[in-house]
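Report on the structure given below.
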Amino acid sequence: MTSPRINDVVDPNILPKAWQTVCNMENSLATIVDLASALALVSEAIDEASVSGAIQRVAWMIRDSANEAEELRGQLFHMTHANNRSRLATTRDEVSYATQGGKL
């Protein structure tokens with residue numbers, strides 16, 4: 001019995017769905033960065049240095065984490081973009097062929 005091909009197991013609509021999900025993330029991540037920047041500005045108006053510093057540190061941690069998430073989102077955007085889908089399909093076919101005993 002041969003093992004199933006990856007194209008037979010994986011939903012063929014997964015890449016368009018993943019791409020749309022990645023696109024939908026953009027505004028939320030930008031909003032998080034904007035809110036963190038606003039929080040940092042508010043922290044500057046607080047007279048108590050220890051409180052102000054703690055709030056500002058949290059704001060920058062949020063901003064930095066959101067920026068890292070945006071970088072990852074950008075990578076996923078390019079990997080799932082329609083221009084790359086035919087290349088990904090070819091790679092899946094090659095992997096499936098190789099795992100079934102074929103040679104590339």
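Ordered as shown in the structure tokens, chains take letters A, B, and onward, while each chain numbers its residues from 1 and ligands are numbered from 1 in the order shown.
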For this session: Tell me, as JSON, numbers by chain, which residues lie within 9 Å of Ser43 in chain A, counting only C-alpha atoms; anything in the same chain fewer than 2 positions away does not count.
Result: {"A": [38, 39, 40, 41, 45, 46, 47, 51, 52, 53, 54, 55, 56, 59]}
For this session: Name all residues at most 12 Å from Gly74 in chain A (count only C-alpha atoms; drop same-chain ones fewer than 2 positions away) and give them as a PyMOL selection string.
Result: chain A and resi 19+21-26+29+67-72+76-81
Keeping only N, CA and C atoms, write those residues as a PDB file, in the first residue's frame.
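Okay, this is what ended up in part.pdb:
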ATOM      1  N   TRP A  19      -3.080  32.914   3.375  1.00  0.00           N
ATOM      2  CA  TRP A  19      -2.708  34.231   2.870  1.00  0.00           C
ATOM      3  C   TRP A  19      -3.712  35.280   3.331  1.00  0.00           C
ATOM      4  N   THR A  21      -5.655  35.165   5.975  1.00  0.00           N
ATOM      5  CA  THR A  21      -5.489  35.341   7.415  1.00  0.00           C
ATOM      6  C   THR A  21      -4.303  36.254   7.701  1.00  0.00           C
ATOM      7  N   VAL A  22      -3.205  36.039   7.000  1.00  0.00           N
ATOM      8  CA  VAL A  22      -2.011  36.874   7.166  1.00  0.00           C
ATOM      9  C   VAL A  22      -2.327  38.323   6.799  1.00  0.00           C
ATOM     10  N   CYS A  23      -3.075  38.524   5.744  1.00  0.00           N
ATOM     11  CA  CYS A  23      -3.467  39.882   5.347  1.00  0.00           C
ATOM     12  C   CYS A  23      -4.331  40.533   6.427  1.00  0.00           C
ATOM     13  N   ASN A  24      -5.222  39.758   7.028  1.00  0.00           N
ATOM     14  CA  ASN A  24      -6.126  40.284   8.048  1.00  0.00           C
ATOM     15  C   ASN A  24      -5.390  40.680   9.328  1.00  0.00           C
ATOM     16  N   MET A  25      -4.210  40.165   9.536  1.00  0.00           N
ATOM     17  CA  MET A  25      -3.428  40.474  10.743  1.00  0.00           C
ATOM     18  C   MET A  25      -2.801  41.862  10.709  1.00  0.00           C
ATOM     19  N   GLU A  26      -2.618  42.415   9.534  1.00  0.00           N
ATOM     20  CA  GLU A  26      -1.844  43.648   9.382  1.00  0.00           C
ATOM     21  C   GLU A  26      -2.406  44.801  10.206  1.00  0.00           C
ATOM     22  N   LEU A  29      -1.988  44.353  14.091  1.00  0.00           N
ATOM     23  CA  LEU A  29      -0.612  44.569  14.551  1.00  0.00           C
ATOM     24  C   LEU A  29      -0.243  46.052  14.523  1.00  0.00           C
ATOM     25  N   ASN A  67       6.210  44.435  16.620  1.00  0.00           N
ATOM     26  CA  ASN A  67       7.079  44.581  15.442  1.00  0.00           C
ATOM     27  C   ASN A  67       7.682  43.236  15.027  1.00  0.00           C
ATOM     28  N   GLU A  68       8.053  42.415  15.995  1.00  0.00           N
ATOM     29  CA  GLU A  68       8.559  41.072  15.677  1.00  0.00           C
ATOM     30  C   GLU A  68       7.462  40.235  15.015  1.00  0.00           C
ATOM     31  N   ALA A  69       6.250  40.331  15.546  1.00  0.00           N
ATOM     32  CA  ALA A  69       5.127  39.598  14.954  1.00  0.00           C
ATOM     33  C   ALA A  69       4.857  40.093  13.532  1.00  0.00           C
ATOM     34  N   GLU A  70       5.013  41.388  13.304  1.00  0.00           N
ATOM     35  CA  GLU A  70       4.817  41.937  11.961  1.00  0.00           C
ATOM     36  C   GLU A  70       5.874  41.410  10.994  1.00  0.00           C
ATOM     37  N   GLU A  71       7.100  41.250  11.456  1.00  0.00           N
ATOM     38  CA  GLU A  71       8.145  40.671  10.594  1.00  0.00           C
ATOM     39  C   GLU A  71       7.790  39.242  10.202  1.00  0.00           C
ATOM     40  N   LEU A  72       7.308  38.462  11.159  1.00  0.00           N
ATOM     41  CA  LEU A  72       6.893  37.089  10.869  1.00  0.00           C
ATOM     42  C   LEU A  72       5.689  37.072   9.934  1.00  0.00           C
ATOM     43  N   LEU A  76       5.285  35.236   6.251  1.00  0.00           N
ATOM     44  CA  LEU A  76       4.154  34.378   5.865  1.00  0.00           C
ATOM     45  C   LEU A  76       3.417  34.956   4.662  1.00  0.00           C
ATOM     46  N   PHE A  77       3.294  36.269   4.621  1.00  0.00           N
ATOM     47  CA  PHE A  77       2.640  36.917   3.487  1.00  0.00           C
ATOM     48  C   PHE A  77       3.337  36.526   2.188  1.00  0.00           C
ATOM     49  N   HIS A  78       4.659  36.625   2.180  1.00  0.00           N
ATOM     50  CA  HIS A  78       5.406  36.305   0.958  1.00  0.00           C
ATOM     51  C   HIS A  78       5.381  34.812   0.649  1.00  0.00           C
ATOM     52  N   MET A  79       5.422  33.979   1.678  1.00  0.00           N
ATOM     53  CA  MET A  79       5.391  32.528   1.437  1.00  0.00           C
ATOM     54  C   MET A  79       4.051  32.058   0.884  1.00  0.00           C
ATOM     55  N   THR A  80       2.961  32.714   1.280  1.00  0.00           N
ATOM     56  CA  THR A  80       1.636  32.252   0.870  1.00  0.00           C
ATOM     57  C   THR A  80       1.059  33.068  -0.280  1.00  0.00           C
ATOM     58  N   HIS A  81       1.809  34.043  -0.777  1.00  0.00           N
ATOM     59  CA  HIS A  81       1.337  34.882  -1.878  1.00  0.00           C
ATOM     60  C   HIS A  81       1.105  34.026  -3.123  1.00  0.00           C
TER      61      HIS A  81
END
Problem set entry | Pairwise distance for CA of Arg63 in chain A and CA of Leu35 in chain A, rounded to one decimal in Å | 8.4 Å
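You will find CA of Glu44 in chain A at 26.2 Å from CA of Asn27 in chain A.
CA of Ile32 in chain A lies 10.2 Å from CA of Asp64 in chain A.
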